[in-house]
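Chemist: See work_33.cif below, with mmCIF, C-alpha atoms.
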data_input
loop_
_atom_site.label_atom_id
_atom_site.label_comp_id
_atom_site.auth_asym_id
_atom_site.auth_seq_id
_atom_site.Cartn_x
_atom_site.Cartn_y
_atom_site.Cartn_z
CA MET N 234 104.04 29.98 135.53
CA ARG N 235 106.13 32.30 137.71
CA SER N 236 108.62 32.77 134.89
CA LYS N 237 105.82 33.84 132.53
CA ILE N 238 104.49 36.34 135.08
CA SER N 239 108.00 37.68 135.60
CA LEU N 240 108.43 38.08 131.85
CA VAL N 241 105.14 39.99 131.57
CA ILE N 242 106.10 42.29 134.45
CA ALA N 243 109.53 42.87 132.92
CA ALA N 244 107.97 43.67 129.53
CA LEU N 245 105.57 46.16 131.12
CA PHE N 246 108.45 47.78 133.01
CA ILE N 247 110.48 48.14 129.78
CA ALA N 248 107.47 49.53 127.90
CA ALA N 249 106.89 52.09 130.66
CA ASN N 250 110.52 53.18 130.51
CA VAL N 251 110.44 53.42 126.70
CA SER N 252 107.26 55.49 126.66
CA ALA N 253 108.72 57.83 129.26
CA GLN N 254 111.65 58.51 126.94
CA LEU N 255 109.65 59.24 123.79
CA PRO N 256 110.71 62.56 122.21
CA GLY N 257 108.22 65.41 122.47
CA LYS N 258 106.99 68.19 124.70
CA ILE N 259 107.31 67.72 128.46
CA GLN N 260 104.04 69.10 129.78
CA GLN N 261 105.23 69.78 133.33
CA THR N 262 108.20 71.94 132.36
CA GLY N 263 107.39 73.11 128.83
CA GLN N 264 110.69 71.64 127.65
CA VAL N 265 111.14 69.46 124.57
CA LEU N 266 112.78 66.04 124.88
CA LEU N 267 115.03 65.16 121.91
CA PRO N 268 115.62 61.60 120.61
CA ASN N 269 119.13 61.63 122.11
CA GLY N 270 117.77 62.34 125.61
CA TRP N 271 118.79 66.00 125.68
CA LYS N 272 116.22 68.65 126.57
CA LEU N 273 115.51 72.01 124.95
CA SER N 274 114.18 74.93 126.96
CA PRO N 275 112.53 77.42 124.55
CA ALA N 276 113.64 81.03 125.04
CA GLY N 277 110.24 82.35 124.00
CA THR N 278 106.76 81.25 123.00
CA SER N 279 105.37 79.92 119.73
CA LEU N 280 102.18 80.27 117.73
CA PRO N 281 101.03 77.61 115.24
CA LEU N 282 101.07 78.75 111.60
CA GLY N 283 100.03 77.11 108.33
CA ASP N 284 101.84 74.99 105.74
CA LEU N 285 105.17 76.54 104.63
CA PRO N 286 104.99 80.12 105.97
CA LEU N 287 107.15 81.96 103.41
CA ASN N 288 106.76 85.55 104.53
CA ILE N 289 105.87 87.57 107.60
CA GLN N 290 105.24 91.33 107.64
CA LEU N 291 104.75 93.82 110.46
CA SER N 292 102.45 96.82 109.87
CA ALA N 293 103.83 100.39 110.13
CA SER N 294 102.68 100.93 113.72
CA GLY N 295 103.63 97.40 114.80
CA ARG N 296 100.02 96.72 115.73
CA LEU N 297 99.41 93.95 113.18
CA LEU N 298 101.40 91.02 111.87
CA ALA N 299 100.59 89.12 108.67
CA VAL N 300 101.80 85.68 107.56
CA THR N 301 101.38 83.98 104.19
CA ASN N 302 101.39 80.15 104.14
CA ASN N 303 102.31 78.77 100.73
CA GLY N 304 102.75 75.00 101.03
CA GLN N 305 101.36 72.10 99.02
CA SER N 306 98.25 71.69 101.19
CA THR N 307 95.89 74.53 102.22
CA GLN N 308 97.28 77.99 101.44
CA SER N 309 96.25 80.88 103.65
CA ILE N 310 97.03 84.25 105.18
CA GLN N 311 96.88 84.92 108.90
CA LEU N 312 96.42 88.18 110.80
CA ILE N 313 98.06 88.22 114.24
CA ASP N 314 98.24 90.60 117.19
CA PRO N 315 101.99 90.56 118.03
CA LYS N 316 101.38 92.00 121.51
CA THR N 317 98.91 89.37 122.72
CA GLU N 318 100.32 86.69 120.38
CA LYS N 319 96.80 85.78 119.32
CA GLN N 320 95.46 85.10 115.82
CA LEU N 321 92.89 87.71 114.83
CA ASP N 322 91.75 86.29 111.49
CA GLU N 323 92.62 83.82 108.73
CA ARG N 324 91.63 83.45 105.09
CA ILE N 325 92.12 80.52 102.72
CA ILE N 326 93.67 81.49 99.37
CA LYS N 327 93.44 79.43 96.20
CA LYS N 328 97.01 80.28 95.12
CA SER N 329 99.70 82.45 96.67
CA TRP N 330 103.48 82.84 96.80
CA TYR N 331 105.58 84.88 99.21
CA GLY N 332 104.41 88.45 98.35
CA LEU N 333 102.95 90.34 101.30
CA ALA N 334 102.68 94.06 102.15
CA PHE N 335 100.56 96.32 104.36
CA SER N 336 99.44 99.73 103.21
CA ARG N 337 100.87 102.50 105.40
CA ASP N 338 97.46 103.22 106.96
CA GLU N 339 97.06 99.50 107.78
CA LYS N 340 93.67 99.39 106.06
CA THR N 341 94.80 97.00 103.28
CA LEU N 342 96.97 93.90 103.04
CA TYR N 343 98.33 93.13 99.57
CA VAL N 344 99.01 89.44 98.90
CA SER N 345 100.58 87.64 95.93
CA GLY N 346 98.10 85.44 94.07
CA GLY N 347 100.93 83.26 92.72
CA ASN N 348 100.16 81.45 89.49
CA ASP N 349 96.76 83.12 89.26
CA ASN N 350 98.79 86.14 88.06
CA ARG N 351 97.18 88.63 90.40
CA ILE N 352 97.59 90.65 93.56
CA LEU N 353 94.84 90.25 96.17
CA ALA N 354 93.93 93.40 98.13
CA PHE N 355 92.31 92.47 101.45
CA PRO N 356 90.64 95.36 103.32
CA ILE N 357 91.19 95.28 107.09
CA ALA N 358 88.59 96.60 109.52
CA ASN N 359 88.21 95.82 113.23
CA ASN N 360 91.16 93.40 112.96
CA LYS N 361 89.35 91.28 110.38
CA PHE N 362 89.82 90.66 106.65
CA GLY N 363 87.11 91.79 104.26
CA ALA N 364 86.40 90.42 100.79
CA ALA N 365 89.51 90.72 98.60
CA ASP N 366 89.67 92.90 95.52
CA THR N 367 91.84 91.79 92.59
CA ILE N 368 94.65 93.46 90.68
CA LYS N 369 95.21 91.46 87.49
CA LEU N 370 98.72 91.35 86.05
CA ALA N 371 97.70 89.23 83.05
CA PRO N 372 94.39 88.40 81.32
CA GLU N 373 94.46 84.73 82.33
CA ALA N 374 96.08 82.47 84.90
CA TRP N 375 99.01 80.09 84.49
CA PRO N 376 99.84 78.24 82.23
CA LYS N 377 98.23 80.33 79.47
CA ASN N 378 99.88 83.46 80.86
CA LYS N 379 102.97 82.87 83.03
CA VAL N 380 103.62 85.76 85.43
CA SER N 381 103.40 84.68 89.12
CA PRO N 382 104.12 87.69 91.38
CA THR N 383 106.48 87.24 94.31
CA GLY N 384 107.74 90.21 96.36
CA ILE N 385 105.55 93.30 96.88
CA ALA N 386 106.36 96.84 98.04
CA VAL N 387 103.92 99.74 98.51
CA ASN N 388 104.75 103.43 98.89
CA LYS N 389 103.61 105.43 101.96
CA SER N 390 100.83 107.28 100.13
CA ASN N 391 99.46 104.00 98.74
CA THR N 392 99.58 105.43 95.21
CA ARG N 393 102.13 102.95 93.84
CA LEU N 394 102.53 99.22 94.29
CA TYR N 395 105.57 97.38 92.97
CA THR N 396 105.64 93.64 92.46
CA VAL N 397 108.29 91.40 90.90
CA THR N 398 107.71 88.05 89.24
CA LYS N 399 109.31 84.64 88.87
CA GLU N 400 107.70 83.32 85.69
CA ASP N 401 108.11 86.24 83.26
CA SER N 402 111.04 87.86 85.16
CA ALA N 403 109.62 91.36 85.35
CA LEU N 404 108.74 94.29 87.58
CA TYR N 405 105.15 95.53 87.49
CA VAL N 406 104.39 99.10 88.53
CA VAL N 407 100.75 99.29 89.64
CA ASP N 408 98.24 101.96 90.64
CA PRO N 409 96.57 100.19 93.60
CA GLN N 410 93.63 102.61 93.68
CA LYS N 411 92.66 102.11 90.05
CA ARG N 412 93.82 98.46 90.12
CA GLU N 413 95.78 99.10 86.91
CA VAL N 414 99.26 98.15 85.70
CA ILE N 415 101.16 101.32 84.76
CA LYS N 416 104.31 99.72 83.43
CA ARG N 417 106.02 96.36 83.00
CA VAL N 418 109.84 96.38 83.18
CA PRO N 419 111.84 93.29 82.08
CA LEU N 420 114.39 92.02 84.63
CA PRO N 421 117.62 89.99 84.07
CA ALA N 422 116.13 86.77 85.53
CA GLU N 423 113.57 85.44 88.02
CA ALA N 424 113.01 87.90 90.86
CA TYR N 425 112.28 87.18 94.52
CA SER N 426 111.83 90.25 96.68
CA CYS N 427 111.74 94.06 96.44
CA VAL N 428 112.09 96.89 98.93
CA LEU N 429 111.78 100.68 98.67
CA SER N 430 114.48 103.06 99.90
CA ARG N 431 113.47 105.39 102.74
CA ASP N 432 112.95 108.33 100.36
CA GLU N 433 111.11 105.97 97.96
CA LYS N 434 113.29 107.11 95.05
CA LEU N 435 114.81 103.66 94.54
CA LEU N 436 113.44 100.14 94.51
CA TYR N 437 115.89 97.32 95.22
CA ILE N 438 115.06 93.96 93.60
CA SER N 439 116.71 90.64 94.41
CA ILE N 440 117.27 88.65 91.20
CA TRP N 441 116.98 85.10 92.51
CA GLY N 442 117.68 83.55 89.10
CA ASP N 443 121.00 85.39 88.81
CA GLU N 444 123.69 86.86 91.07
CA LYS N 445 122.58 90.45 91.44
CA VAL N 446 120.32 93.05 92.99
CA THR N 447 118.71 95.36 90.44
CA VAL N 448 118.18 99.04 91.36
CA PHE N 449 115.11 100.73 89.86
CA ASN N 450 114.46 104.50 89.77
CA THR N 451 110.81 105.07 90.70
CA SER N 452 110.70 108.54 89.12
CA THR N 453 112.09 107.69 85.69
CA LEU N 454 110.73 104.12 85.81
CA THR N 455 114.08 102.77 84.60
CA VAL N 456 116.74 100.37 85.87
CA VAL N 457 119.76 102.44 86.94
CA LYS N 458 122.24 99.72 87.93
CA ASN N 459 122.85 96.14 89.02
CA ILE N 460 124.75 95.18 92.19
CA LYS N 461 126.77 91.96 92.09
CA THR N 462 125.91 89.40 94.80
CA GLY N 463 126.33 85.71 95.50
CA SER N 464 124.08 83.05 93.96
CA HIS N 465 120.31 83.32 94.38
CA PRO N 466 119.84 86.51 96.45
CA ASN N 467 116.43 86.50 98.13
CA GLU N 468 115.45 88.50 101.24
CA LEU N 469 116.36 92.19 101.33
CA LEU N 470 116.91 94.48 104.33
CA LEU N 471 118.06 98.10 104.28
CA ASN N 472 120.07 99.64 107.11
CA LYS N 473 119.22 103.05 108.62
CA LYS N 474 121.33 104.88 106.03
#
For this file, write the structure as structure tokens.

Modeler:
Amino acid sequence: MRSKISLVIAALFIAANVSAQLPGKIQQTGQVLLPNGWKLSPAGTSLPLGDLPLNIQLSASGRLLAVTNNGQSTQSIQLIDPKTEKQLDERIIKKSWYGLAFSRDEKTLYVSGGNDNRILAFPIANNKFGAADTIKLAPEAWPKNKVSPTGIAVNKSNTRLYTVTKEDSALYVVDPQKREVIKRVPLPAEAYSCVLSRDEKLLYISIWGDEKVTVFNTSTLTVVKNIKTGSHPNELLLNKK
């Protein structure tokens, strides 16, 4: 009988030790225990996001932060106050993919509608999203019309919106006020992102399906050159010059 009691006590002792070593957050210290017994001490703080956050954009003043979540479950956009690190608002989106851009006045957030072949224009007032307006890039959604916008760039006066696509490999020049497509420009392959130069005379486009960055003149609405890169260029960042 004593041996059975001893075995039970030993089993409980082992179970207690095992549970104490389970990987996860250590509530008392805020550290994270890894499976190998090592501990991580985060350098900063974290804020929960959605499924597969593909893009994050800061507004011109730095007052607002937007995130687009584009995973296989619920897709959404989030509006965050970067100073307080608090979520201000969130909206579920039927389809989306990567594209995200604030207007300069921070009154509108433009979001890629993915395979719905559209750009969603969400008005922002009092740190909340309003009902989205729609900029259609094709008459119907995928698969009847295959467009799927990815990267988005908007000029400072909010008179031109540029979006590149991954299904029909093109650049769409849009009037965001009239919600109309001004021009469609074929690209060498599937595109990923786009960014305007400081003077807004050039638009740089990463050609994910190739090995180049395409340079587009926003005045003549023509491609002026291609810059050789490595395979699958994606994110773009311009230096101060």

Chemist: Run the PyMOL selection byres ((chain N and resi 295-307) around 8) mentally over the shown coordinates, then write out the matched residues as a short mmCIF file (atom, residue, chain, number, x, y, z; two decimals) with C-alpha atoms, in the frame of the given file, using the chain letters and numbers from the document.

Modeler:
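Resulting contents of out.cif:
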data_model
loop_
_atom_site.label_atom_id
_atom_site.label_comp_id
_atom_site.auth_asym_id
_atom_site.auth_seq_id
_atom_site.Cartn_x
_atom_site.Cartn_y
_atom_site.Cartn_z
CA LEU N 282 101.07 78.75 111.60
CA GLY N 283 100.03 77.11 108.33
CA ASP N 284 101.84 74.99 105.74
CA LEU N 285 105.17 76.54 104.63
CA PRO N 286 104.99 80.12 105.97
CA LEU N 287 107.15 81.96 103.41
CA ASN N 288 106.76 85.55 104.53
CA ILE N 289 105.87 87.57 107.60
CA GLN N 290 105.24 91.33 107.64
CA LEU N 291 104.75 93.82 110.46
CA SER N 292 102.45 96.82 109.87
CA ALA N 293 103.83 100.39 110.13
CA SER N 294 102.68 100.93 113.72
CA GLN N 308 97.28 77.99 101.44
CA SER N 309 96.25 80.88 103.65
CA ILE N 310 97.03 84.25 105.18
CA GLN N 311 96.88 84.92 108.90
CA LEU N 312 96.42 88.18 110.80
CA ILE N 313 98.06 88.22 114.24
CA ASP N 314 98.24 90.60 117.19
CA PRO N 315 101.99 90.56 118.03
CA LYS N 316 101.38 92.00 121.51
CA ILE N 325 92.12 80.52 102.72
CA ILE N 326 93.67 81.49 99.37
CA LYS N 328 97.01 80.28 95.12
CA SER N 329 99.70 82.45 96.67
CA TRP N 330 103.48 82.84 96.80
CA TYR N 331 105.58 84.88 99.21
CA GLY N 332 104.41 88.45 98.35
CA LEU N 333 102.95 90.34 101.30
CA VAL N 344 99.01 89.44 98.90
#

Chemist: Which one of N:Val380, N:Ile460, N:Val387, N:Leu469 sits closest to Asp401 (chain N) if you count only C-alpha atoms?

Modeler: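 Using only C-alpha atoms, Asp401 (chain N) sits closest to N:Val380.
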
Chemist: One decimal, Å: what's the distance from CA of Leu353 (chain N) over to CA of Arg417 (chain N), could you say?

Modeler: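 Calculated distance between CA of Leu353 (chain N) and CA of Arg417 (chain N) is 18.3 Å.
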
Chemist: Between N:Leu404, N:Asp349, N:Pro421, N:Leu255, which residue has the minimum interatomic distance to Pro268 (chain N), considering all atoms listed in the file?

Modeler: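 Once distances to Pro268 (chain N) are computed over all atoms listed in the file, the minimum belongs to N:Leu255.
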
Chemist: If the PyMOL selection byres ((chain N and resi 456) around 12) is run on the structure shown, which residues does it catch, given as a ChimeraX atom specification?

Modeler: /N:403-404,417-421,434-438,446-455,457-460

Chemist: Selected by the PyMOL selection byres ((chain N and resi 366) around 7) in the shown coordinates: which residues, as a PDB file with C-alpha atoms, in the frame of the given file?

Modeler:
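Written output follows (out_3.pdb):
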ATOM      1  CA  LEU N 353      94.840  90.250  96.170  1.00  0.00           C
ATOM      2  CA  ALA N 354      93.930  93.400  98.130  1.00  0.00           C
ATOM      3  CA  PHE N 355      92.310  92.470 101.450  1.00  0.00           C
ATOM      4  CA  ALA N 364      86.400  90.420 100.790  1.00  0.00           C
ATOM      5  CA  ALA N 365      89.510  90.720  98.600  1.00  0.00           C
ATOM      6  CA  THR N 367      91.840  91.790  92.590  1.00  0.00           C
ATOM      7  CA  ILE N 368      94.650  93.460  90.680  1.00  0.00           C
TER       8      ILE N 368
END

Chemist: When you draw a straight line from CA of Gly384 (chain N) to CA of Lys319 (chain N), how long is it in Å?

Modeler: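 Rounded to one decimal, the two atoms are 25.8 Å apart.
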
Chemist: What is the distance between CA of Asn378 (chain N) and CA of Glu468 (chain N), in Å to one decimal?

Modeler: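 Pair CA of Asn378 (chain N) / CA of Glu468 (chain N) returns 26.1 Å.
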
Chemist: Using all atoms listed in the file, which residue out of N:Asn350, N:Pro275, N:Tyr425, N:Ser464 lies closest to Trp375 (chain N)?

Modeler: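 With all atoms listed in the file as the atom set, the closest residue is N:Asn350.
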
Chemist: Can you pull out the residues contacting Thr462 (chain N)? Cut-off 9 Å, using only C-alpha atoms, and skip same-chain residues under 5 positions away; I want them as a ChimeraX atom specification.

Modeler: /N:443-446

Chemist: Please provide as a CSV table (one decimal) with C-alpha atoms, keeping the file's coordinate frame all residues within 12 Å of region 265-267 of chain N, with the sequence filter that same-chain residues fewer than 5 positions apart are discarded (counting only C-alpha atoms).

Modeler:
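What ended up in result05.csv:
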chain,number,residue,atom,x,y,z
N,253,ALA,CA,108.7,57.8,129.3
N,254,GLN,CA,111.6,58.5,126.9
N,255,LEU,CA,109.6,59.2,123.8
N,256,PRO,CA,110.7,62.6,122.2
N,257,GLY,CA,108.2,65.4,122.5
N,258,LYS,CA,107.0,68.2,124.7
N,259,ILE,CA,107.3,67.7,128.5
N,260,GLN,CA,104.0,69.1,129.8
N,272,LYS,CA,116.2,68.6,126.6
N,273,LEU,CA,115.5,72.0,125.0
N,274,SER,CA,114.2,74.9,127.0
N,275,PRO,CA,112.5,77.4,124.6
N,276,ALA,CA,113.6,81.0,125.0

Chemist: Quick one: everything within 12 Å of region 277-279 of chain N, counting only C-alpha atoms, minus sequence neighbours fewer than 6 positions away in the same chain. Send it as number ranges by chain.

Modeler: N: 263-264, 315, 317-320

Chemist: Which residue gives the smallest distance to Gln410 (chain N) among N:Arg351, N:His465, N:Lys473, N:Arg393, with only C-alpha atoms counted?

Modeler: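 With only C-alpha atoms as the atom set, the closest residue is N:Arg393.
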